[in-house]
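Below is one structure, written out as structure tokens; the observations come after it.
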Amino acid sequence: AIGMGSLTSLDQLSEWFSAFAKIRKPLVIATWNNKKAVETAWDVLKSGGRALDAVEAGARIPESDPEDTSVGYGGFPDRDGFVTLDACIMDELGNAGSVVFLEKIMHPISVARRVMEKTPHVILAGAGAHQFAIEQGFKEENLLTEKAQKALDAWRIKSEYKPKINVERHDTIGILGLDQNGDLSGACTTSGLAFKMRGRVGDSPIIGAGLYVDNEVGAATATGLGEAVIKKVGSFSIVEMMRQGMHPEKACKAAAKRLLTIKSKDEFQVGYIAVNKKGELGAWALRPGFEAAVITQDGFQLIKANSIF
Ligand code: ASP
């Protein structure tokens, strides 16, 4: 006779299957209105591609866009006139790669991926990261556009050293993907704060701060004032809260609230986005104006994030 035990487990099985069917996948979410980036990532996912390939392809879009002044080519330089780039990437296996203070290479996200896949390390910095990129076949290029040079010249008139993060919208990209297999990956890439001190590194290439992916739980990424995100280990904290069962929206809100203990809280913006294994999403910021680009089977959507202030 079939005992109660096996009936229960059959029930559990069908429950599990219907929960699985409800998973919203594939999907992509990115910080700000990075529409072309999520569409590019989507093209990879809709044909069954891997989330890692999708987020890398998406991140490369603003990196090569000269109009995007927060990422890659066209990014605003440091106060000495050098464009210095930070990026990191994580895959579904928990592997991570990062480059910090990289100069003259247009696609730091792809260099970060090579660090992850071709070296035993996680982070390469500055001249060493550049040397590795060249060895890997990346081209050396001038990334300082005329527009960025002009912005620096204008800033130099006053030259006050207050590298404030813009509170309005900008385009530093953190991008998270959930593929048809149900696997998660993430990427984050930036030119950092405009007119920063030479050598300054933000949160974006710091695993756990600017990005964190745990394929058993979910993924999160950040934008805004890197110093604040690093102090709170923002992305890791969101993933850990999701691990305790919090919905991504609640976890992002809780992480944004933690920023309130930072003394300069009235002067900066931080925005967080997250996704869990079910394809549930979250976006929350310290102040109004933050938005997230999302693409699913239902098409593109620009989400206006809620904020603490
Ligand atoms: N988080 C970046 C940094 O601090 C900046 C940004 O998101 O625009 O370098």
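In the structure tokens, each chain is lettered A, B, ... as it comes, each chain's residues begin at 1, and ligands are numbered from 1 in order of appearance.
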
* **Neighbourhood of ligand 1 at 7 Å, counting only C-alpha atoms and all ligand atoms, reported as a ChimeraX atom specification** => /A:70,165,170-172,190-193,201-204,210,222-227

Written file, previous selection with all heavy atoms, as a CSV table (one decimal), in the first residue's frame:
chain,number,residue,atom,x,y,z
A,70,SER,N,29.7,58.2,-17.4
A,70,SER,CA,30.0,57.5,-16.1
A,70,SER,C,30.7,56.1,-16.3
A,70,SER,O,30.9,55.4,-15.4
A,70,SER,CB,28.8,57.2,-15.3
A,70,SER,OG,27.9,58.3,-15.4
A,165,ILE,N,28.7,62.9,-5.7
A,165,ILE,CA,28.1,62.0,-6.7
A,165,ILE,C,26.8,62.8,-7.2
A,165,ILE,O,26.2,63.5,-6.4
A,165,ILE,CB,27.7,60.7,-6.0
A,165,ILE,CG1,27.3,59.7,-7.0
A,165,ILE,CG2,26.6,60.9,-5.0
A,165,ILE,CD1,28.5,59.1,-7.8
A,170,HIS,N,22.4,59.1,-13.7
A,170,HIS,CA,23.6,58.9,-14.5
A,170,HIS,C,23.5,57.5,-15.0
A,170,HIS,O,22.5,56.8,-14.8
A,170,HIS,CB,24.8,59.3,-13.8
A,170,HIS,CG,25.0,58.7,-12.5
A,170,HIS,ND1,26.2,58.5,-11.9
A,170,HIS,CD2,24.1,58.4,-11.6
A,170,HIS,CE1,26.0,57.9,-10.7
A,170,HIS,NE2,24.7,57.9,-10.5
A,171,ASP,N,24.6,57.0,-15.5
A,171,ASP,CA,24.5,55.7,-16.2
A,171,ASP,C,25.5,54.6,-15.8
A,171,ASP,O,25.6,53.6,-16.5
A,171,ASP,CB,24.6,55.9,-17.7
A,171,ASP,CG,23.6,57.0,-18.1
A,171,ASP,OD1,22.5,56.7,-18.2
A,171,ASP,OD2,24.1,58.1,-18.3
A,172,THR,N,26.2,54.7,-14.7
A,172,THR,CA,27.0,53.6,-14.2
A,172,THR,C,26.2,52.4,-14.2
A,172,THR,O,25.1,52.4,-13.6
A,172,THR,CB,27.6,53.9,-12.8
A,172,THR,OG1,28.7,54.9,-13.0
A,172,THR,CG2,28.2,52.7,-12.2
A,190,THR,N,32.3,51.0,-14.4
A,190,THR,CA,32.2,52.4,-14.2
A,190,THR,C,33.5,53.2,-14.4
A,190,THR,O,34.5,52.6,-14.4
A,190,THR,CB,31.7,52.7,-12.7
A,190,THR,OG1,31.4,54.1,-12.6
A,190,THR,CG2,32.8,52.4,-11.7
A,191,SER,N,33.4,54.5,-14.7
A,191,SER,CA,34.6,55.3,-14.7
A,191,SER,C,34.6,56.0,-13.3
A,191,SER,O,35.5,56.8,-13.1
A,191,SER,CB,34.5,56.3,-15.8
A,191,SER,OG,33.3,57.0,-15.8
A,192,GLY,N,33.7,55.7,-12.4
A,192,GLY,CA,33.8,56.2,-11.0
A,192,GLY,C,33.3,57.7,-10.9
A,192,GLY,O,32.7,58.2,-11.8
A,193,LEU,N,33.6,58.2,-9.8
A,193,LEU,CA,33.3,59.6,-9.5
A,193,LEU,C,34.0,60.5,-10.5
A,193,LEU,O,35.2,60.4,-10.7
A,193,LEU,CB,33.8,60.0,-8.2
A,193,LEU,CG,33.0,59.7,-6.9
A,193,LEU,CD1,33.6,60.3,-5.7
A,193,LEU,CD2,31.5,60.2,-7.1
A,201,VAL,N,39.4,54.4,-6.0
A,201,VAL,CA,38.6,53.2,-6.5
A,201,VAL,C,37.3,53.2,-5.7
A,201,VAL,O,37.3,53.4,-4.5
A,201,VAL,CB,39.4,51.9,-6.2
A,201,VAL,CG1,38.5,50.7,-6.6
A,201,VAL,CG2,40.7,51.9,-7.1
A,202,GLY,N,36.2,53.0,-6.4
A,202,GLY,CA,34.9,53.0,-5.8
A,202,GLY,C,34.4,51.6,-5.5
A,202,GLY,O,35.2,50.7,-5.3
A,203,ASP,N,33.1,51.5,-5.3
A,203,ASP,CA,32.5,50.2,-4.9
A,203,ASP,C,32.4,49.2,-6.1
A,203,ASP,O,32.3,48.0,-5.9
A,203,ASP,CB,31.1,50.4,-4.4
A,203,ASP,CG,30.2,51.1,-5.4
A,203,ASP,OD1,30.6,52.1,-6.0
A,203,ASP,OD2,29.1,50.6,-5.6
A,204,SER,N,32.3,49.8,-7.3
A,204,SER,CA,31.9,49.0,-8.4
A,204,SER,C,32.7,47.7,-8.7
A,204,SER,O,32.2,46.7,-9.1
A,204,SER,CB,31.8,49.9,-9.7
A,204,SER,OG,31.0,51.0,-9.4
A,210,GLY,N,29.9,46.6,-4.7
A,210,GLY,CA,29.2,47.0,-6.0
A,210,GLY,C,28.4,45.9,-6.6
A,210,GLY,O,27.5,46.2,-7.4
A,222,ALA,N,24.9,47.8,-7.2
A,222,ALA,CA,24.8,49.1,-6.6
A,222,ALA,C,25.3,50.2,-7.6
A,222,ALA,O,26.1,50.0,-8.4
A,222,ALA,CB,25.6,49.3,-5.3
A,223,THR,N,24.7,51.4,-7.4
A,223,THR,CA,25.3,52.6,-8.1
A,223,THR,C,25.2,53.8,-7.1
A,223,THR,O,24.4,53.7,-6.1
A,223,THR,CB,24.5,52.9,-9.4
A,223,THR,OG1,25.1,54.1,-10.0
A,223,THR,CG2,23.0,53.1,-9.1
A,224,GLY,N,25.9,54.8,-7.4
A,224,GLY,CA,25.9,55.9,-6.5
A,224,GLY,C,27.3,56.1,-5.8
A,224,GLY,O,28.3,55.6,-6.3
A,225,LEU,N,27.3,56.8,-4.7
A,225,LEU,CA,28.6,57.1,-4.0
A,225,LEU,C,29.2,55.8,-3.5
A,225,LEU,O,28.8,55.2,-2.5
A,225,LEU,CB,28.4,58.1,-2.9
A,225,LEU,CG,29.7,58.5,-2.2
A,225,LEU,CD1,30.5,59.4,-3.2
A,225,LEU,CD2,29.4,59.2,-0.9
A,226,GLY,N,30.3,55.4,-4.2
A,226,GLY,CA,31.0,54.2,-3.9
A,226,GLY,C,31.5,54.1,-2.4
A,226,GLY,O,31.4,53.0,-1.8
A,227,GLU,N,31.9,55.2,-1.9
A,227,GLU,CA,32.4,55.2,-0.5
A,227,GLU,C,31.3,54.7,0.5
A,227,GLU,O,31.6,53.9,1.4
A,227,GLU,CB,32.9,56.6,-0.1
A,227,GLU,CG,34.3,57.0,-0.7
A,227,GLU,CD,34.3,57.3,-2.2
A,227,GLU,OE1,33.2,57.3,-2.8
A,227,GLU,OE2,35.4,57.5,-2.7

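Residues in contact with His247 of chain A at 8 Å, where only C-alpha atoms are counted and same-chain residues fewer than 2 positions away are skipped, are listed as Met242, Gly245, Glu249, Lys250, Ala251, Asn276, Glu280, Leu281 and Gly282 of chain A.
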
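Nearest to Leu286 of chain A of all the residues A:Ala254, A:Leu302, A:Ala54, A:Leu178 is A:Ala254, based on only C-alpha atoms.
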
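A straight line drawn from atom CA of Leu52 of chain A to atom CA of Gly182 of chain A is 12.0 Å long.
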
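Around Ile134 of chain A, within 12 Å and counting only C-alpha atoms, the residues found are Leu102, Glu103, Lys104, Ile105, Met106, His107, Pro108, Val111, Arg114, Ala127, Gly128, Ala129, His130, Phe138, Lys139, Glu140 and Glu141 of chain A, once anything fewer than 4 positions away on its own chain is removed.
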